[in-house]
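**Student:** So I've got this file, upload-v7.txt, and it contains compact mmCIF, C-alpha atoms:
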```txt
# COMPACT_ATOMS: atom_id res chain seq x y z
CA MET A 28 87.83 150.46 99.45
CA SER A 29 89.54 153.65 100.54
CA ALA A 30 92.08 155.38 98.33
CA GLY A 31 95.55 153.92 98.73
CA SER A 32 94.37 150.70 100.40
CA VAL A 33 95.58 147.34 99.16
CA ALA A 34 93.60 144.10 99.18
CA VAL A 35 95.75 141.24 100.42
CA VAL A 36 94.20 137.83 99.77
CA LEU A 37 95.68 135.07 101.92
CA VAL A 38 95.37 131.41 100.91
CA ALA A 39 97.01 128.40 102.49
CA MET A 40 97.67 126.11 99.54
CA GLU A 41 98.61 126.14 95.87
CA GLU A 42 95.17 124.75 94.98
CA GLU A 43 93.57 127.78 96.62
CA ALA A 44 95.93 130.21 94.87
CA ALA A 45 95.37 128.67 91.42
CA PRO A 46 92.03 130.32 90.49
CA PHE A 47 93.36 133.78 91.38
CA LEU A 48 96.45 133.23 89.25
CA GLU A 49 94.37 131.87 86.36
CA ARG A 50 92.19 135.01 86.30
CA ALA A 51 95.11 137.42 86.55
CA GLY A 52 96.16 139.34 83.47
CA GLU A 53 99.50 140.05 85.11
CA VAL A 54 101.37 138.22 87.88
CA SER A 55 104.56 139.50 89.47
CA GLU A 56 107.54 137.41 90.40
CA PRO A 57 107.13 135.96 93.90
CA VAL A 58 108.62 137.60 96.97
CA VAL A 59 109.19 135.21 99.87
CA ILE A 60 108.81 136.55 103.41
CA GLY A 61 109.38 133.81 105.97
CA ARG A 62 107.54 130.87 104.43
CA ALA A 63 104.89 133.03 102.73
CA GLU A 64 104.94 133.71 99.00
CA HIS A 65 103.69 137.18 97.92
CA ARG A 66 102.64 137.96 94.35
CA GLY A 67 101.09 141.05 92.84
CA ILE A 68 98.17 140.13 90.59
CA VAL A 69 96.18 142.33 88.20
CA VAL A 70 92.58 141.22 87.67
CA ASP A 71 90.15 143.29 85.59
CA GLY A 72 92.57 146.21 85.70
CA ARG A 73 92.90 146.24 89.49
CA THR A 74 96.02 145.26 91.40
CA HIS A 75 95.83 143.01 94.46
CA VAL A 76 98.33 141.00 96.50
CA LEU A 77 98.00 137.23 96.70
CA VAL A 78 99.84 135.58 99.60
CA ARG A 79 100.24 131.82 99.91
CA THR A 80 100.73 131.39 103.64
CA GLY A 81 101.21 127.67 104.13
CA ILE A 82 98.82 125.56 106.19
CA GLY A 83 98.05 126.20 109.84
CA MET A 84 97.54 128.92 112.41
CA VAL A 85 101.17 129.94 112.94
CA ASN A 86 101.98 130.09 109.22
CA ALA A 87 98.84 132.14 108.61
CA ALA A 88 99.57 134.57 111.45
CA ASP A 89 103.17 134.97 110.33
CA ALA A 90 102.07 135.70 106.76
CA ALA A 91 99.46 138.21 107.89
CA ALA A 92 101.98 140.06 110.06
CA GLY A 93 104.44 140.08 107.17
CA ALA A 94 101.81 141.52 104.84
CA ILE A 95 100.94 144.31 107.28
CA ALA A 96 104.64 145.13 107.75
CA ARG A 97 105.20 145.20 103.98
CA TYR A 98 102.04 146.98 102.77
CA GLY A 99 100.98 149.02 105.81
CA ARG A 100 97.98 149.10 108.14
CA GLU A 101 95.66 150.40 105.41
CA VAL A 102 95.55 146.92 103.86
CA HIS A 103 92.37 144.89 103.68
CA LEU A 104 93.08 141.26 104.60
CA VAL A 105 90.90 138.53 103.09
CA SER A 106 91.30 134.88 104.05
CA ALA A 107 90.16 132.78 101.07
CA GLY A 108 90.00 129.11 100.14
CA SER A 109 88.33 126.03 101.56
CA ALA A 110 86.66 125.00 104.81
CA GLY A 111 84.88 122.07 106.37
CA GLY A 112 81.13 122.50 106.72
CA LEU A 113 80.02 122.05 110.32
CA ALA A 114 76.46 123.33 110.83
CA ARG A 115 73.33 121.44 109.89
CA GLY A 116 72.19 122.45 106.41
CA VAL A 117 75.60 123.57 105.17
CA GLN A 118 76.47 121.78 101.93
CA VAL A 119 79.60 121.16 99.88
CA GLY A 120 79.90 124.13 97.52
CA ASP A 121 78.37 126.69 99.88
CA VAL A 122 80.45 129.80 100.51
CA VAL A 123 80.69 131.12 104.08
CA VAL A 124 81.45 134.79 104.76
CA SER A 125 82.58 135.41 108.34
CA ASP A 126 80.68 137.73 110.63
CA SER A 127 82.83 136.40 113.48
CA LEU A 128 85.81 134.09 113.95
CA VAL A 129 86.90 132.01 116.92
CA ASN A 130 90.00 130.01 117.82
CA VAL A 131 88.53 126.57 118.59
CA GLY A 132 91.80 125.38 120.13
CA ALA A 133 91.87 128.02 122.87
CA ASP A 134 90.74 126.84 126.31
CA ALA A 135 91.56 129.01 129.32
CA ARG A 136 88.29 128.39 131.14
CA ALA A 137 90.27 127.56 134.29
CA PHE A 138 91.02 131.30 134.52
CA GLY A 139 87.51 132.51 133.74
CA TYR A 140 87.79 132.94 129.98
CA ALA A 141 85.22 131.68 127.49
CA LEU A 142 85.96 128.54 125.50
CA GLY A 143 87.70 129.69 122.34
CA GLN A 144 88.98 132.91 123.90
CA VAL A 145 92.72 133.56 123.99
CA PRO A 146 93.55 135.33 127.29
CA GLY A 147 93.55 139.08 126.76
CA MET A 148 91.78 138.78 123.41
CA PRO A 149 88.06 139.08 122.49
CA VAL A 150 85.81 136.03 122.69
CA ALA A 151 85.52 136.28 118.89
CA TYR A 152 86.86 138.53 116.12
CA ASP A 153 84.34 140.42 113.99
CA GLY A 154 84.60 140.36 110.21
CA ASP A 155 84.65 143.83 108.64
CA ALA A 156 81.09 144.96 107.85
CA GLU A 157 81.83 146.71 104.54
CA LEU A 158 83.88 143.81 103.22
CA ARG A 159 81.17 141.34 104.30
CA GLN A 160 78.49 143.24 102.43
CA ALA A 161 80.60 143.40 99.28
CA LEU A 162 81.22 139.65 99.45
CA LEU A 163 77.56 138.85 100.04
CA GLY A 164 76.67 141.03 97.06
CA ALA A 165 79.11 139.16 94.81
CA ALA A 166 77.42 135.78 95.26
CA GLY A 167 75.83 135.52 91.83
CA ASP A 168 74.33 132.04 91.51
CA LEU A 169 76.31 130.64 94.45
CA THR A 170 74.87 129.85 97.86
CA VAL A 171 76.58 132.26 100.27
CA ARG A 172 75.99 132.10 104.02
CA GLU A 173 77.00 134.71 106.57
CA GLY A 174 78.06 133.35 109.96
CA SER A 175 80.83 132.21 112.27
CA ILE A 176 83.98 130.37 111.20
CA GLY A 177 86.21 128.52 113.65
CA SER A 178 89.89 127.72 113.21
CA GLY A 179 92.35 125.35 114.86
CA GLU A 180 95.44 123.31 114.20
CA ARG A 181 93.62 120.00 113.65
CA PHE A 182 92.01 118.99 110.35
CA VAL A 183 88.41 118.36 111.33
CA THR A 184 87.10 114.87 110.63
CA ALA A 185 83.93 113.24 111.97
CA GLU A 186 84.96 112.64 115.58
CA LEU A 187 86.30 116.14 116.17
CA ALA A 188 83.33 117.61 114.32
CA GLU A 189 80.94 116.18 116.90
CA GLU A 190 82.98 117.76 119.68
CA LEU A 191 83.01 121.15 117.94
CA ARG A 192 79.26 121.05 117.25
CA ARG A 193 78.71 120.52 120.97
CA ASP A 194 81.16 123.17 122.15
CA PHE A 195 80.58 125.78 119.41
CA PRO A 196 77.02 125.25 118.15
CA HIS A 197 77.00 128.57 116.27
CA LEU A 198 79.86 127.70 113.88
CA LEU A 199 79.00 127.23 110.21
CA ALA A 200 82.45 126.05 109.08
CA VAL A 201 86.00 125.37 110.23
CA ASP A 202 89.44 125.90 108.74
CA MET A 203 93.06 126.02 109.95
CA GLU A 204 93.97 129.67 109.34
CA SER A 205 91.25 132.35 109.46
CA ALA A 206 91.01 133.00 113.21
CA ALA A 207 94.79 133.37 113.44
CA ILE A 208 94.73 136.02 110.70
CA ALA A 209 91.78 137.67 112.44
CA GLN A 210 93.76 137.95 115.68
CA VAL A 211 96.70 139.57 113.87
CA ALA A 212 94.30 141.97 112.13
CA HIS A 213 92.71 142.81 115.49
CA ASN A 214 96.11 143.49 117.06
CA HIS A 215 97.07 145.88 114.27
CA GLY A 216 93.70 147.54 113.70
CA VAL A 217 93.44 146.16 110.17
CA ARG A 218 90.21 145.34 108.35
CA PHE A 219 89.67 141.61 107.81
CA VAL A 220 87.13 139.09 106.61
CA SER A 221 87.21 135.38 105.77
CA VAL A 222 85.40 133.88 102.78
CA ARG A 223 85.66 130.12 102.61
CA ALA A 224 83.91 127.64 100.33
CA VAL A 225 82.90 124.30 101.80
CA SER A 226 85.01 121.46 100.40
CA ASP A 227 83.84 118.71 102.78
CA LEU A 228 81.44 117.97 105.60
CA CYS A 229 84.03 116.79 108.11
CA ALA A 230 83.95 113.20 106.86
CA PRO A 231 85.88 110.38 108.61
CA ASP A 232 88.96 110.99 106.44
CA GLY A 233 90.33 113.49 103.93
CA THR A 234 88.90 111.87 100.77
CA GLU A 235 85.96 114.27 100.41
CA PHE A 236 88.26 117.26 100.88
CA LEU A 237 90.64 116.05 98.17
CA THR A 238 87.72 115.47 95.79
CA HIS A 239 86.26 118.97 96.18
CA ILE A 240 89.20 121.27 97.03
CA ASP A 241 89.54 122.62 93.48
CA GLY A 242 85.83 123.45 93.25
CA ALA A 243 85.85 125.10 96.67
CA ALA A 244 88.88 127.19 95.75
CA GLU A 245 87.17 128.30 92.54
CA ARG A 246 83.98 129.38 94.34
CA SER A 247 85.83 131.29 97.03
CA ALA A 248 87.97 133.10 94.45
CA ARG A 249 84.90 133.98 92.36
CA VAL A 250 83.23 135.68 95.31
CA VAL A 251 86.40 137.43 96.49
CA LEU A 252 87.29 138.85 93.07
CA GLY A 253 83.69 139.90 92.45
CA ALA A 254 83.65 141.78 95.75
CA LEU A 255 87.03 143.44 95.19
CA ALA A 256 85.89 144.65 91.78
CA ALA A 257 82.87 146.32 93.40
CA LEU A 258 84.72 148.06 96.24
```
What's the structure tokens form of this structure?

**Tutor:**
Amino acid sequence: MSAGSVAVVLVAMEEEAAPFLERAGEVSEPVVIGRAEHRGIVVDGRTHVLVRTGIGMVNAADAAAGAIARYGREVHLVSAGSAGGLARGVQVGDVVVSDSLVNVGADARAFGYALGQVPGMPVAYDGDAELRQALLGAAGDLTVREGSIGSGERFVTAELAEELRRDFPHLLAVDMESAAIAQVAHNHGVRFVSVRAVSDLCAPDGTEFLTHIDGAAERSARVVLGALAAL
């Protein structure tokens, strides 16, 4: 991490923020920007910013833009928390580090764009190479996979999962925020990566997610904090 840069970790929910707050030796009072809650946290002597964005693409994009406006374009944005496992072989508890991100809700094929491509934007957004390598090196005893993450406004259950596997066969996992943050990072020239732990396998309802969200949040936070300590 370059001198003067700040790591901004963005999570959607309180459950995903909890393991970062539990590990912090110091936590600042929250600053609210829009609907996002910003806190400074000190972990192992290093200061980071934890932003709880709220759920969904617009909340995530708004929070990312607010973080860049507040902390500058030298920030490193990290989307952390949970995801639904989509690809064959992905298991609950696996951690996925993004090499690319795609908006699965974008469909402008009528105008010659690829499925998942927002007009005027890339087909996919690359995760930062240095951040990816640091995250992969912080795996410890966890199973960490490098690959593509998709994001959209719908919570992915079994029926939608089949559609996404057909349309985006390269995706390892899906969430509701990371690709939106990636687009904001792309627009501002900011380094970004997503690291999401699998909480469910896109079951018919949300029961599996609710059972494993705390464990997924813990795994994602462990990898993120391990990587930030090494940068």

**Student:** So what do you get for CA of Gly72 in chain A versus CA of Ser32 in chain A, distance-wise?

**Tutor:**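 Rounded to one decimal, the two atoms are 15.5 Å apart.
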
**Student:** Counting only C-alpha atoms, what is within 7 Å of Arg172 in chain A, bar same-chain residues fewer than 5 positions away, as a PyMOL selection string?

**Tutor:** chain A and resi 122-124

**Student:** Find the residues near Glu43 in chain A: any atom within 8 Å, counting all atoms listed in the file, skip ones fewer than 5 places away on the same chain, and give them as an NGL selection string.

**Tutor:** :A and (38 or 107-109 or 240-241 or 244-245)

**Student:** Mind writing the picked residues with C-alpha atoms as a short mmCIF file (atom, residue, chain, number, x, y, z; two decimals), keeping the file's coordinate frame?

**Tutor:**
```
data_model
loop_
_atom_site.label_atom_id
_atom_site.label_comp_id
_atom_site.auth_asym_id
_atom_site.auth_seq_id
_atom_site.Cartn_x
_atom_site.Cartn_y
_atom_site.Cartn_z
CA VAL A 38 95.37 131.41 100.91
CA ALA A 107 90.16 132.78 101.07
CA GLY A 108 90.00 129.11 100.14
CA SER A 109 88.33 126.03 101.56
CA ILE A 240 89.20 121.27 97.03
CA ASP A 241 89.54 122.62 93.48
CA ALA A 244 88.88 127.19 95.75
CA GLU A 245 87.17 128.30 92.54
#
```

**Student:** Pull the closest atom pair for each residue of range 165-187 of chain A that gets at most 12 Å from range 211-226 of chain A, along with the distance in Å to one decimal, counting only C-alpha atoms, ordering rows by chain and then ascending residue number, as JSON lines.

**Tutor:**
```
{"residue": "A:Ala165", "atom": "CA", "partner": "A:Val222", "partner_atom": "CA", "distance": 11.4}
{"residue": "A:Ala166", "atom": "CA", "partner": "A:Val222", "partner_atom": "CA", "distance": 11.1}
{"residue": "A:Leu169", "atom": "CA", "partner": "A:Ala224", "partner_atom": "CA", "distance": 10.1}
{"residue": "A:Thr170", "atom": "CA", "partner": "A:Ala224", "partner_atom": "CA", "distance": 9.6}
{"residue": "A:Val171", "atom": "CA", "partner": "A:Ala224", "partner_atom": "CA", "distance": 8.7}
{"residue": "A:Arg172", "atom": "CA", "partner": "A:Val222", "partner_atom": "CA", "distance": 9.7}
{"residue": "A:Glu173", "atom": "CA", "partner": "A:Val222", "partner_atom": "CA", "distance": 9.3}
{"residue": "A:Gly174", "atom": "CA", "partner": "A:Ser221", "partner_atom": "CA", "distance": 10.3}
{"residue": "A:Ser175", "atom": "CA", "partner": "A:Ser221", "partner_atom": "CA", "distance": 9.6}
{"residue": "A:Ile176", "atom": "CA", "partner": "A:Ser221", "partner_atom": "CA", "distance": 8.1}
{"residue": "A:Gly177", "atom": "CA", "partner": "A:Ser221", "partner_atom": "CA", "distance": 10.5}
{"residue": "A:Ser178", "atom": "CA", "partner": "A:Ser221", "partner_atom": "CA", "distance": 11.0}
{"residue": "A:Val183", "atom": "CA", "partner": "A:Ser226", "partner_atom": "CA", "distance": 11.9}
```

**Student:** Taking the point (95.8, 124.5, 110.6) as given in the file, collect each protein or nucleic acid residue that comes within 7 Å of it, counting all atoms listed in the file, and present the set as a PyMOL selection string.

**Tutor:** chain A and resi 82-84+179-182+202-204

**Student:** How would the residues just picked look written out with C-alpha atoms as a compact mmCIF listing (two decimals), in the frame of the given file?

**Tutor:**
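The result, written out as again18.txt:
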```
# COMPACT_ATOMS: atom_id res chain seq x y z
CA ILE A 82 98.82 125.56 106.19
CA GLY A 83 98.05 126.20 109.84
CA MET A 84 97.54 128.92 112.41
CA GLY A 179 92.35 125.35 114.86
CA GLU A 180 95.44 123.31 114.20
CA ARG A 181 93.62 120.00 113.65
CA PHE A 182 92.01 118.99 110.35
CA ASP A 202 89.44 125.90 108.74
CA MET A 203 93.06 126.02 109.95
CA GLU A 204 93.97 129.67 109.34
```

**Student:** Set up a box along x, y and z of the file covering all listed atoms of range 154-167 of chain A, add 6 Å on every one of the six sides, and write the centre and edge lengths in Å to one decimal, as JSON.

**Tutor:**
```
{"center_x": 80.2, "center_y": 141.1, "center_z": 101.0, "size_x": 20.8, "size_y": 23.2, "size_z": 30.4}
```

**Student:** Restricting the calculation to only C-alpha atoms, which member of A:Ala63, A:Val58, A:Ala133, A:Ile95 is positioned closest to Glu41 in chain A?

**Tutor:**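 Closest to Glu41 in chain A, using only C-alpha atoms: A:Ala63.
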
**Student:** Given the choices A:Ser247, A:Ser106, A:Gln118, A:Asn130, which gets closest to Gln144 in chain A if the distance is worked out from all atoms listed in the file?

**Tutor:**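 Smallest separation from Gln144 in chain A among the options: A:Asn130.
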